[in-house]
$ cat target-v7.txt   # compact mmCIF, C-alpha atoms and all ligand atoms
# COMPACT_ATOMS: atom_id res chain seq x y z
CA MET B 289 -10.26 -13.07 -62.44
CA ARG B 290 -8.59 -9.72 -61.82
CA TRP B 291 -11.74 -8.43 -60.11
CA GLY B 292 -11.97 -11.50 -57.91
CA LYS B 293 -8.38 -11.05 -56.79
CA LEU B 294 -8.96 -7.36 -56.09
CA LEU B 295 -12.01 -8.17 -54.01
CA ARG B 296 -10.11 -10.74 -51.97
CA LEU B 297 -7.37 -8.20 -51.39
CA LYS B 298 -9.92 -5.65 -50.25
CA VAL B 299 -11.54 -8.11 -47.84
CA VAL B 300 -8.18 -9.07 -46.40
CA SER B 301 -7.04 -5.49 -45.90
CA LEU B 302 -10.40 -4.54 -44.38
CA SER B 303 -10.12 -7.41 -41.89
CA ILE B 304 -6.58 -6.38 -40.97
CA PHE B 305 -7.74 -2.80 -40.51
CA THR B 306 -10.67 -3.91 -38.33
CA ALA B 307 -8.45 -6.17 -36.24
CA LEU B 308 -5.94 -3.38 -35.70
CA THR B 309 -8.68 -0.93 -34.75
CA VAL B 310 -10.13 -3.37 -32.23
CA LEU B 311 -6.67 -3.96 -30.75
CA TRP B 312 -5.99 -0.26 -30.57
CA TRP B 313 -9.28 0.48 -28.81
CA GLY B 314 -8.72 -2.46 -26.51
CA HIS B 315 -5.34 -1.11 -25.59
CA LEU B 316 -6.76 2.35 -25.09
CA ALA B 317 -9.60 1.04 -22.95
CA LEU B 318 -7.09 -0.87 -20.82
CA SER B 319 -4.87 2.12 -20.24
CA PHE B 320 -7.90 4.17 -19.29
CA THR B 321 -9.01 1.64 -16.74
CA SER B 322 -5.65 0.92 -15.14
CA LEU B 323 -5.13 1.46 -11.42
CA ARG B 324 -2.56 4.05 -12.32
CA TRP B 325 -4.86 6.08 -14.51
CA LEU B 326 -7.69 6.08 -11.98
CA ALA B 327 -5.37 6.82 -9.04
CA GLN B 328 -3.74 9.75 -10.78
CA ARG B 329 -7.09 11.43 -11.29
CA GLN B 330 -7.51 11.66 -7.52
CA ASP B 331 -3.91 12.40 -6.54
CA LEU B 332 -3.41 8.95 -5.13
CA TYR B 333 -0.32 6.82 -5.44
CA ILE B 334 -0.71 3.12 -6.07
CA GLY B 335 2.64 1.45 -5.76
CA THR B 336 4.43 -1.85 -5.69
CA ALA B 337 7.70 -3.27 -4.49
CA VAL B 338 9.99 -4.03 -7.42
CA GLN B 339 12.61 -6.73 -7.76
CA PHE B 340 15.67 -6.16 -9.89
CA ARG B 341 15.85 -9.54 -11.70
CA PRO B 342 12.36 -9.80 -13.17
CA LEU B 343 12.57 -6.12 -14.06
CA GLN B 344 15.64 -6.93 -16.13
CA ARG B 345 14.43 -10.18 -17.62
CA GLN B 346 10.66 -10.17 -18.00
CA PRO B 347 8.95 -7.84 -20.49
CA MET B 348 5.54 -8.69 -19.02
CA TYR B 349 6.73 -7.63 -15.56
CA ARG B 350 7.85 -4.26 -16.92
CA GLN B 351 4.70 -3.81 -18.94
CA VAL B 352 2.22 -4.47 -16.11
CA LEU B 353 4.34 -2.46 -13.69
CA ALA B 354 4.40 0.65 -15.84
CA ARG B 355 0.76 0.33 -16.84
CA GLU B 356 -0.76 -0.19 -13.39
CA PHE B 357 1.38 1.74 -10.91
CA ASN B 358 2.57 5.28 -10.35
CA MET B 359 4.96 4.49 -7.51
CA VAL B 360 7.64 1.87 -6.84
CA THR B 361 9.68 0.76 -3.86
CA PRO B 362 12.86 -1.23 -4.56
CA GLU B 363 12.18 -4.41 -2.59
CA ASN B 364 15.82 -5.16 -1.77
CA ALA B 365 17.99 -3.07 -4.10
CA MET B 366 18.53 -0.14 -1.73
CA LYS B 367 19.20 -2.17 1.40
CA PHE B 368 22.49 -1.78 3.25
CA GLU B 369 24.07 -5.09 2.17
CA VAL B 370 23.29 -4.37 -1.48
CA VAL B 371 24.34 -0.74 -1.79
CA HIS B 372 27.18 -0.75 0.75
CA PRO B 373 28.85 -4.18 0.44
CA GLU B 374 32.25 -3.05 1.74
CA ARG B 375 33.11 -0.35 4.18
CA ASP B 376 34.60 1.90 1.52
CA ARG B 377 32.53 0.81 -1.45
CA TYR B 378 28.99 1.56 -2.55
CA ASP B 379 27.23 -0.23 -5.40
CA PHE B 380 24.12 1.33 -6.89
CA THR B 381 23.84 -0.89 -9.97
CA GLN B 382 20.50 -2.46 -9.08
CA ALA B 383 18.97 0.58 -7.43
CA ASP B 384 20.00 2.82 -10.33
CA ALA B 385 18.32 0.48 -12.82
CA ILE B 386 15.05 0.61 -10.87
CA VAL B 387 15.17 4.37 -10.39
CA GLN B 388 15.94 4.87 -14.08
CA PHE B 389 13.01 2.66 -15.07
CA ALA B 390 10.78 4.68 -12.75
CA SER B 391 11.94 8.03 -14.05
CA ASP B 392 11.55 6.94 -17.70
CA ARG B 393 7.92 6.06 -17.02
CA ASP B 394 7.16 8.84 -14.61
CA LEU B 395 6.75 6.69 -11.49
CA GLN B 396 7.56 8.04 -8.03
CA VAL B 397 10.13 6.16 -5.94
CA ARG B 398 9.97 5.31 -2.22
CA GLY B 399 13.45 4.68 -0.89
CA HIS B 400 13.69 1.59 1.32
CA THR B 401 15.45 1.49 3.74
CA LEU B 402 18.32 3.30 5.47
CA VAL B 403 18.40 1.98 9.02
CA TRP B 404 17.29 -1.58 9.70
CA HIS B 405 18.56 -4.60 11.63
CA ARG B 406 18.37 -6.99 8.65
CA GLN B 407 20.20 -7.37 5.36
CA LEU B 408 23.36 -5.84 6.76
CA PRO B 409 26.78 -6.71 5.28
CA SER B 410 29.12 -8.89 7.34
CA TRP B 411 31.83 -6.22 7.51
CA LEU B 412 29.32 -4.32 9.62
CA THR B 413 27.76 -7.09 11.69
CA GLU B 414 31.07 -8.80 12.38
CA GLY B 415 33.15 -5.67 12.87
CA GLU B 416 33.89 -4.06 16.20
CA PHE B 417 33.22 -0.37 16.36
CA THR B 418 33.17 2.32 19.01
CA PRO B 419 29.97 4.37 19.24
CA GLU B 420 31.69 7.23 17.43
CA GLU B 421 32.84 4.93 14.63
CA LEU B 422 29.38 3.44 14.22
CA LYS B 423 27.86 6.89 14.10
CA ALA B 424 30.35 7.89 11.41
CA ILE B 425 29.49 4.76 9.41
CA LEU B 426 25.77 5.44 9.62
CA ARG B 427 26.18 9.11 8.77
CA ASP B 428 28.33 8.29 5.76
CA HIS B 429 25.83 5.64 4.65
CA ILE B 430 22.85 7.97 4.88
CA TYR B 431 24.63 10.92 3.25
CA THR B 432 25.91 8.77 0.40
CA VAL B 433 22.73 6.81 -0.33
CA VAL B 434 20.26 9.66 0.11
CA GLY B 435 22.65 12.04 -1.64
CA HIS B 436 22.99 9.66 -4.60
CA PHE B 437 19.23 9.66 -5.14
CA ARG B 438 18.64 13.27 -4.18
CA ASP B 439 15.57 14.69 -5.94
CA ARG B 440 14.77 11.27 -7.43
CA VAL B 441 13.30 9.59 -4.34
CA SER B 442 10.14 11.21 -3.05
CA ALA B 443 10.02 9.45 0.34
CA TRP B 444 12.53 7.47 2.40
CA ASP B 445 11.87 4.78 4.96
CA VAL B 446 14.60 6.24 7.13
CA VAL B 447 14.16 3.81 10.00
CA ASN B 448 12.52 0.42 9.62
CA GLU B 449 11.01 -1.79 12.34
CA ALA B 450 12.77 -0.30 15.36
CA PHE B 451 10.17 -1.51 17.87
CA ASN B 452 9.34 -4.93 19.27
CA ASP B 453 5.73 -6.06 19.42
CA ASP B 454 5.61 -5.19 23.12
CA GLY B 455 6.52 -1.58 22.37
CA THR B 456 10.12 -1.69 23.60
CA LEU B 457 12.95 -0.64 21.32
CA ARG B 458 14.37 -3.55 19.34
CA ASP B 459 17.81 -4.75 20.28
CA THR B 460 19.79 -3.98 17.12
CA ILE B 461 23.34 -3.22 16.15
CA TRP B 462 22.32 0.46 16.06
CA LEU B 463 20.69 0.55 19.48
CA ARG B 464 23.52 -1.43 21.06
CA GLY B 465 26.28 0.49 19.34
CA ILE B 466 24.96 4.05 19.37
CA GLY B 467 22.06 4.10 21.83
CA GLU B 468 18.55 5.49 21.38
CA GLU B 469 20.01 8.59 19.78
CA TYR B 470 20.51 6.69 16.50
CA LEU B 471 16.85 7.22 15.61
CA GLU B 472 17.02 10.96 15.90
CA LEU B 473 20.39 11.17 14.14
CA ALA B 474 19.18 9.10 11.19
CA PHE B 475 16.30 11.46 10.49
CA ARG B 476 18.48 14.56 10.86
CA TRP B 477 21.14 13.18 8.50
CA ALA B 478 18.53 12.12 5.95
CA ARG B 479 17.03 15.62 5.94
CA GLU B 480 20.46 17.17 5.50
CA ALA B 481 21.21 14.86 2.58
CA ASP B 482 17.97 15.62 0.72
CA PRO B 483 15.81 18.40 2.14
CA THR B 484 12.95 17.66 -0.26
CA ALA B 485 12.39 13.94 0.39
CA ARG B 486 9.59 13.00 2.83
CA LEU B 487 11.01 11.08 5.78
CA PHE B 488 9.20 8.05 7.19
CA TYR B 489 9.37 5.66 10.10
CA ASN B 490 8.15 2.29 8.74
CA ASN B 491 6.54 -0.40 10.90
CA TYR B 492 4.85 -3.77 10.60
CA GLY B 493 2.18 -4.85 13.06
CA GLY B 494 1.42 -1.28 14.05
CA GLU B 495 -1.50 -0.72 11.71
CA MET B 496 -3.94 -0.23 14.56
CA ALA B 497 -3.69 0.90 18.17
CA GLY B 498 -1.88 -1.57 20.42
CA LYS B 499 1.41 -1.84 22.25
CA LYS B 500 3.56 -1.39 19.18
CA ALA B 501 1.56 1.35 17.47
CA ASP B 502 1.16 3.22 20.77
CA ALA B 503 4.88 3.09 21.50
CA THR B 504 5.60 4.32 17.97
CA TYR B 505 3.13 7.13 18.42
CA GLU B 506 4.63 8.25 21.71
CA PHE B 507 8.16 8.01 20.42
CA ILE B 508 7.42 10.04 17.31
CA GLN B 509 5.66 12.62 19.41
CA LYS B 510 8.86 12.94 21.47
CA LEU B 511 10.95 13.26 18.30
CA GLU B 512 8.68 15.98 16.99
CA ASP B 513 8.90 17.88 20.29
CA ARG B 514 12.63 17.91 19.85
CA GLY B 515 12.36 19.22 16.31
CA VAL B 516 13.51 16.00 14.63
CA PRO B 517 12.49 16.10 10.95
CA ILE B 518 9.95 13.32 10.43
CA ASP B 519 7.09 13.56 7.96
CA GLY B 520 5.25 10.32 8.22
CA VAL B 521 4.64 6.80 9.37
CA GLY B 522 4.54 3.73 7.14
CA LEU B 523 1.96 1.07 7.95
CA GLN B 524 3.35 -2.01 6.21
CA MET B 525 0.12 -4.04 6.20
CA HIS B 526 1.44 -7.57 5.80
CA VAL B 527 -1.82 -9.27 6.69
CA GLY B 528 -3.73 -12.49 6.11
CA LEU B 529 -7.36 -13.55 5.85
CA ASN B 530 -7.50 -14.50 9.51
CA ASN B 531 -5.18 -11.79 10.70
CA VAL B 532 -6.24 -8.35 9.65
CA PRO B 533 -7.15 -5.17 11.52
CA THR B 534 -10.56 -3.66 10.83
CA ALA B 535 -10.69 -0.72 8.47
CA ALA B 536 -12.14 1.39 11.28
CA ALA B 537 -9.20 0.61 13.58
CA VAL B 538 -6.71 1.51 10.85
CA ALA B 539 -8.58 4.75 10.17
CA ASP B 540 -8.45 5.65 13.89
CA ASN B 541 -4.72 5.04 13.94
CA MET B 542 -4.25 7.20 10.85
CA ARG B 543 -6.23 9.99 12.46
CA ARG B 544 -4.10 10.19 15.56
CA PHE B 545 -1.00 10.56 13.40
CA ASP B 546 -2.85 13.26 11.50
CA GLU B 547 -3.26 15.10 14.79
CA LEU B 548 0.53 15.11 15.09
CA GLY B 549 0.67 16.62 11.60
CA LEU B 550 2.04 13.38 10.15
CA GLU B 551 1.36 11.72 6.86
CA VAL B 552 0.58 8.00 6.77
CA GLN B 553 1.27 5.62 3.89
CA ILE B 554 0.40 1.96 3.48
CA THR B 555 3.84 0.75 2.45
CA GLU B 556 4.03 -3.04 2.00
CA MET B 557 0.57 -4.50 1.66
CA ASP B 558 0.00 -8.16 0.91
CA VAL B 559 -2.78 -10.48 2.01
CA GLN B 560 -1.97 -14.13 2.64
CA ILE B 561 -4.77 -16.55 1.86
CA GLN B 562 -3.18 -19.81 3.03
CA ASN B 563 -4.79 -19.75 6.48
CA GLY B 564 -8.26 -18.76 5.44
CA THR B 565 -11.28 -21.04 5.23
CA GLY B 566 -13.51 -21.76 2.26
CA THR B 567 -12.85 -22.58 -1.38
CA GLU B 568 -10.07 -20.89 -3.27
CA SER B 569 -12.47 -18.60 -5.03
CA GLU B 570 -14.07 -17.59 -1.70
CA ARG B 571 -10.65 -16.87 -0.27
CA LEU B 572 -9.67 -14.78 -3.28
CA GLN B 573 -12.89 -12.85 -2.86
CA ALA B 574 -12.20 -12.27 0.84
CA GLN B 575 -8.70 -11.13 -0.09
CA ALA B 576 -10.15 -8.71 -2.62
CA GLU B 577 -12.37 -7.17 0.03
CA ILE B 578 -9.42 -6.59 2.37
CA TYR B 579 -7.44 -4.85 -0.37
CA GLY B 580 -10.47 -2.76 -1.24
CA GLU B 581 -11.20 -1.76 2.36
CA MET B 582 -7.65 -0.62 3.02
CA LEU B 583 -7.52 1.40 -0.17
CA ARG B 584 -10.84 2.93 0.77
CA VAL B 585 -9.47 3.97 4.18
CA CYS B 586 -6.49 5.59 2.55
CA GLN B 587 -8.70 7.31 -0.01
CA VAL B 588 -10.91 8.74 2.70
CA GLU B 589 -8.38 9.78 5.36
CA PRO B 590 -6.87 13.15 4.49
CA ASN B 591 -3.34 12.31 5.60
CA CYS B 592 -3.06 9.16 3.44
CA ASN B 593 -2.50 9.30 -0.30
CA THR B 594 -0.34 6.24 -0.94
CA LEU B 595 -0.88 2.49 -0.94
CA VAL B 596 2.10 0.37 -1.92
CA MET B 597 1.86 -3.42 -2.24
CA TRP B 598 4.78 -5.71 -1.56
CA GLY B 599 4.90 -6.90 -5.16
CA PHE B 600 2.14 -7.28 -7.73
CA THR B 601 2.40 -10.78 -9.17
CA ASP B 602 2.17 -14.01 -7.16
CA ALA B 603 5.11 -15.17 -9.26
CA HIS B 604 7.37 -12.88 -7.22
CA SER B 605 6.26 -12.65 -3.62
CA TRP B 606 8.43 -13.08 -0.53
CA ILE B 607 5.62 -14.95 1.28
CA PRO B 608 5.99 -18.59 0.09
CA SER B 609 9.70 -18.74 0.86
CA PHE B 610 9.11 -17.04 4.20
CA THR B 611 6.19 -19.17 5.42
CA GLY B 612 7.26 -22.33 3.59
CA ASN B 613 3.76 -22.66 2.09
CA ASP B 614 2.20 -21.87 -1.24
CA ASP B 615 0.21 -18.69 -1.24
CA ALA B 616 -1.24 -16.05 -3.52
CA PRO B 617 -0.97 -12.78 -1.60
CA LEU B 618 -0.85 -10.24 -4.45
CA ILE B 619 -3.28 -8.79 -7.00
CA PHE B 620 -2.07 -10.51 -10.21
CA ASP B 621 -1.64 -14.27 -10.43
CA GLU B 622 1.57 -16.01 -11.47
CA SER B 623 0.72 -15.47 -15.15
CA TYR B 624 -0.02 -11.77 -14.66
CA ARG B 625 -3.76 -12.30 -14.89
CA PRO B 626 -5.68 -9.81 -12.72
CA LYS B 627 -7.27 -11.42 -9.64
CA PRO B 628 -10.49 -10.37 -7.89
CA ALA B 629 -8.36 -8.07 -5.70
CA TYR B 630 -7.26 -6.15 -8.78
CA TYR B 631 -10.85 -5.60 -9.90
CA GLU B 632 -11.84 -4.58 -6.38
CA LEU B 633 -9.13 -1.90 -6.33
CA LEU B 634 -10.30 -0.69 -9.74
CA GLU B 635 -13.80 -0.52 -8.38
CA VAL B 636 -12.80 1.47 -5.29
CA LEU B 637 -10.80 3.88 -7.44
CA SER B 638 -13.74 4.35 -9.77
CA ARG B 639 -16.02 5.59 -6.98
O1 LIG K 701 10.62 -8.86 0.49
C1 LIG K 701 11.89 -8.84 1.09
C2 LIG K 701 12.57 -10.19 0.90
O2 LIG K 701 12.86 -10.40 -0.46
C3 LIG K 701 13.84 -10.24 1.74
O3 LIG K 701 14.39 -11.55 1.66
C4 LIG K 701 13.51 -9.90 3.17
C5 LIG K 701 14.75 -9.95 4.03
O4 LIG K 701 14.51 -9.61 5.31
O5 LIG K 701 12.94 -8.60 3.23
C6 LIG K 701 11.71 -8.54 2.57
O6 LIG K 701 11.13 -7.27 2.70
C7 LIG K 701 10.82 -6.82 4.03
C8 LIG K 701 10.92 -5.32 4.05
O7 LIG K 701 12.17 -4.92 3.57
C9 LIG K 701 10.66 -4.76 5.42
N1 LIG K 701 9.38 -5.22 5.94
C10 LIG K 701 9.15 -6.64 5.87
C11 LIG K 701 9.38 -7.16 4.46
C12 LIG K 701 9.06 -8.63 4.37
O8 LIG K 701 9.93 -9.37 5.16
$ encode --input "target-v7.txt" --output "structure tokens" --more "lines below"
Ligand code: 9MR
Amino acid sequence: MRWGKLLRLKVVSLSIFTALTVLWWGHLALSFTSLRWLAQRQDLYIGTAVQFRPLQRQPMYRQVLAREFNMVTPENAMKFEVVHPERDRYDFTQADAIVQFASDRDLQVRGHTLVWHRQLPSWLTEGEFTPEELKAILRDHIYTVVGHFRDRVSAWDVVNEAFNDDGTLRDTIWLRGIGEEYLELAFRWAREADPTARLFYNNYGGEMAGKKADATYEFIQKLEDRGVPIDGVGLQMHVGLNNVPTAAAVADNMRRFDELGLEVQITEMDVQIQNGTGTESERLQAQAEIYGEMLRVCQVEPNCNTLVMWGFTDAHSWIPSFTGNDDAPLIFDESYRPKPAYYELLEVLSR
């Protein structure tokens, strides 16, 4: 009787030991095949936009984020209306939480964004300011925000989306109130506030040559001639199955910025599948190939070492509320299961 009991105990403890070993190896295998682990081995940054709420509330969100990525961009938490809600008050609660999370897990942070025409507080959009006042507001904003995160943000999107699709400068509160000079001033102030952060101009729809990308190129060339501190250009890469530049065209565009001595980063990639043709699984496969191709371009071009996606789980993407249609533009599904796009990125990173 005693022996029988002992045997049962042995069998039970052996099974527990085996189960724990399997789990441990499984965990180890997973961390050795994460995007993050593979990217780090080749000095690449694989990043994602991060939202404050799920980061606070969802353990799974935090877990996948820290396991798979080595860079984050706060999706909204550093925008003007969030960090500077009143003229004389700044609020870094959300941004600080994201930056703290990143620093605890050794993730780089892209700061987004200092000068934009959207997500501005009403005290600013409804106020009346002279050019000098508006300049003082912008200078104070840039000094305070960049200064607050000094040495903790590796790259800033200093200016976001300043051009129209036809290549003209966008009519914004900054252009109207200060004039074209606002672009140059923003970069100079950002450099003064943190001399070590890389400074970017960030664009959508300028991934390949065309009116917008060409205008950006010429403008940046002019800035450089005048000694304005600018280190790189962000290609946002919000694309869809039936609306995507070829990898070769993106590579060409990257190369001409390389000739200006500029870095290029893919900063906000997502791939809509709602307008594609074929079954869902065919569309997810086509999506995977687009993700893979763009990562490949960035891996190959010497002036690109960063690909950031605009979120990582379909549970938290800006696309459905923006287009009004269901979609699945990211690399994990709504339940955090990896999609074909995830495996494609793993595959490209394993080459
Ligand atoms: O993803 C962001 C979404 O949550 C906001 O509502 C939206 C407001 O304009 O901004 C989205 O992010 C944008 C980014 O800051 C700049 N490039 C385009 C992105 C998608 O609109």
$ closest_atom_pairs --input "target-v7.txt" --of "chain B" --to "ligand LIG 701 (chain K)" --cutoff "9 Å" --atoms "all atoms listed in the file" --output "JSON lines"
{"residue": "B:Ala337", "atom": "CA", "partner": "K:LIG701", "partner_atom": "O1", "distance": 8.0}
{"residue": "B:Gln339", "atom": "CA", "partner": "K:LIG701", "partner_atom": "O2", "distance": 8.2}
{"residue": "B:Pro362", "atom": "CA", "partner": "K:LIG701", "partner_atom": "O7", "distance": 9.0}
{"residue": "B:Glu363", "atom": "CA", "partner": "K:LIG701", "partner_atom": "O1", "distance": 5.6}
{"residue": "B:Asn364", "atom": "CA", "partner": "K:LIG701", "partner_atom": "C1", "distance": 6.1}
{"residue": "B:Lys367", "atom": "CA", "partner": "K:LIG701", "partner_atom": "O7", "distance": 7.9}
{"residue": "B:His400", "atom": "CA", "partner": "K:LIG701", "partner_atom": "O7", "distance": 7.1}
{"residue": "B:Thr401", "atom": "CA", "partner": "K:LIG701", "partner_atom": "O7", "distance": 7.2}
{"residue": "B:Trp404", "atom": "CA", "partner": "K:LIG701", "partner_atom": "C9", "distance": 8.5}
{"residue": "B:Arg406", "atom": "CA", "partner": "K:LIG701", "partner_atom": "O4", "distance": 5.7}
{"residue": "B:Gln407", "atom": "CA", "partner": "K:LIG701", "partner_atom": "O4", "distance": 6.1}
{"residue": "B:Asn448", "atom": "CA", "partner": "K:LIG701", "partner_atom": "C9", "distance": 6.9}
{"residue": "B:Glu449", "atom": "CA", "partner": "K:LIG701", "partner_atom": "N1", "distance": 7.4}
{"residue": "B:Asn490", "atom": "CA", "partner": "K:LIG701", "partner_atom": "N1", "distance": 8.1}
{"residue": "B:Asn491", "atom": "CA", "partner": "K:LIG701", "partner_atom": "N1", "distance": 7.5}
{"residue": "B:Tyr492", "atom": "CA", "partner": "K:LIG701", "partner_atom": "N1", "distance": 6.7}
{"residue": "B:Gln524", "atom": "CA", "partner": "K:LIG701", "partner_atom": "N1", "distance": 6.8}
{"residue": "B:His526", "atom": "CA", "partner": "K:LIG701", "partner_atom": "C10", "distance": 7.8}
{"residue": "B:Thr555", "atom": "CA", "partner": "K:LIG701", "partner_atom": "N1", "distance": 8.9}
{"residue": "B:Glu556", "atom": "CA", "partner": "K:LIG701", "partner_atom": "N1", "distance": 7.0}
{"residue": "B:Trp598", "atom": "CA", "partner": "K:LIG701", "partner_atom": "O1", "distance": 6.9}
{"residue": "B:Gly599", "atom": "CA", "partner": "K:LIG701", "partner_atom": "O1", "distance": 8.3}
{"residue": "B:Ser605", "atom": "CA", "partner": "K:LIG701", "partner_atom": "O1", "distance": 7.1}
{"residue": "B:Trp606", "atom": "CA", "partner": "K:LIG701", "partner_atom": "O1", "distance": 4.9}
{"residue": "B:Ile607", "atom": "CA", "partner": "K:LIG701", "partner_atom": "C12", "distance": 7.8}
{"residue": "B:Ser609", "atom": "CA", "partner": "K:LIG701", "partner_atom": "O3", "distance": 8.6}
{"residue": "B:Phe610", "atom": "CA", "partner": "K:LIG701", "partner_atom": "O8", "distance": 7.8}
$ closest_atom_pairs --input "target-v7.txt" --of "range 479-513 of chain B" --to "range 386-398 of chain B" --cutoff "10 Å" --atoms "all atoms listed in the file" --output "CSV"
residue,atom,partner,partner_atom,distance
B:Ala485,CA,B:Arg398,CA,9.3
B:Arg486,CA,B:Arg398,CA,9.2
B:Leu487,CA,B:Arg398,CA,9.9
B:Phe488,CA,B:Arg398,CA,9.8
$ atom_distance --input "target-v7.txt" --atom1 "CA of Ile425 in chain B" --atom2 "CA of Asp439 in chain B"
23.0 Å
$ residues_around --input "target-v7.txt" --residues "Ala535 in chain B" --least-positions-apart "3" --cutoff "8 Å" --atoms "all atoms listed in the file" --output "list of chain:residue names"
B:Val538, B:Ala539, B:Glu581, B:Met582, B:Val585
$ atom_distance --input "target-v7.txt" --atom1 "CA of Pro483 in chain B" --atom2 "CA of Thr418 in chain B"
29.1 Å
$ closest_residue --input "target-v7.txt" --among "B:Tyr378, B:Phe600, B:Tyr579, B:Tyr489" --to "Val636 in chain B" --atoms "only C-alpha atoms"
B:Tyr579
$ closest_residue --input "target-v7.txt" --among "B:Gln587, B:Thr336, B:Thr484, B:Gln575" --to "Phe437 in chain B" --atoms "all atoms listed in the file"
B:Thr484
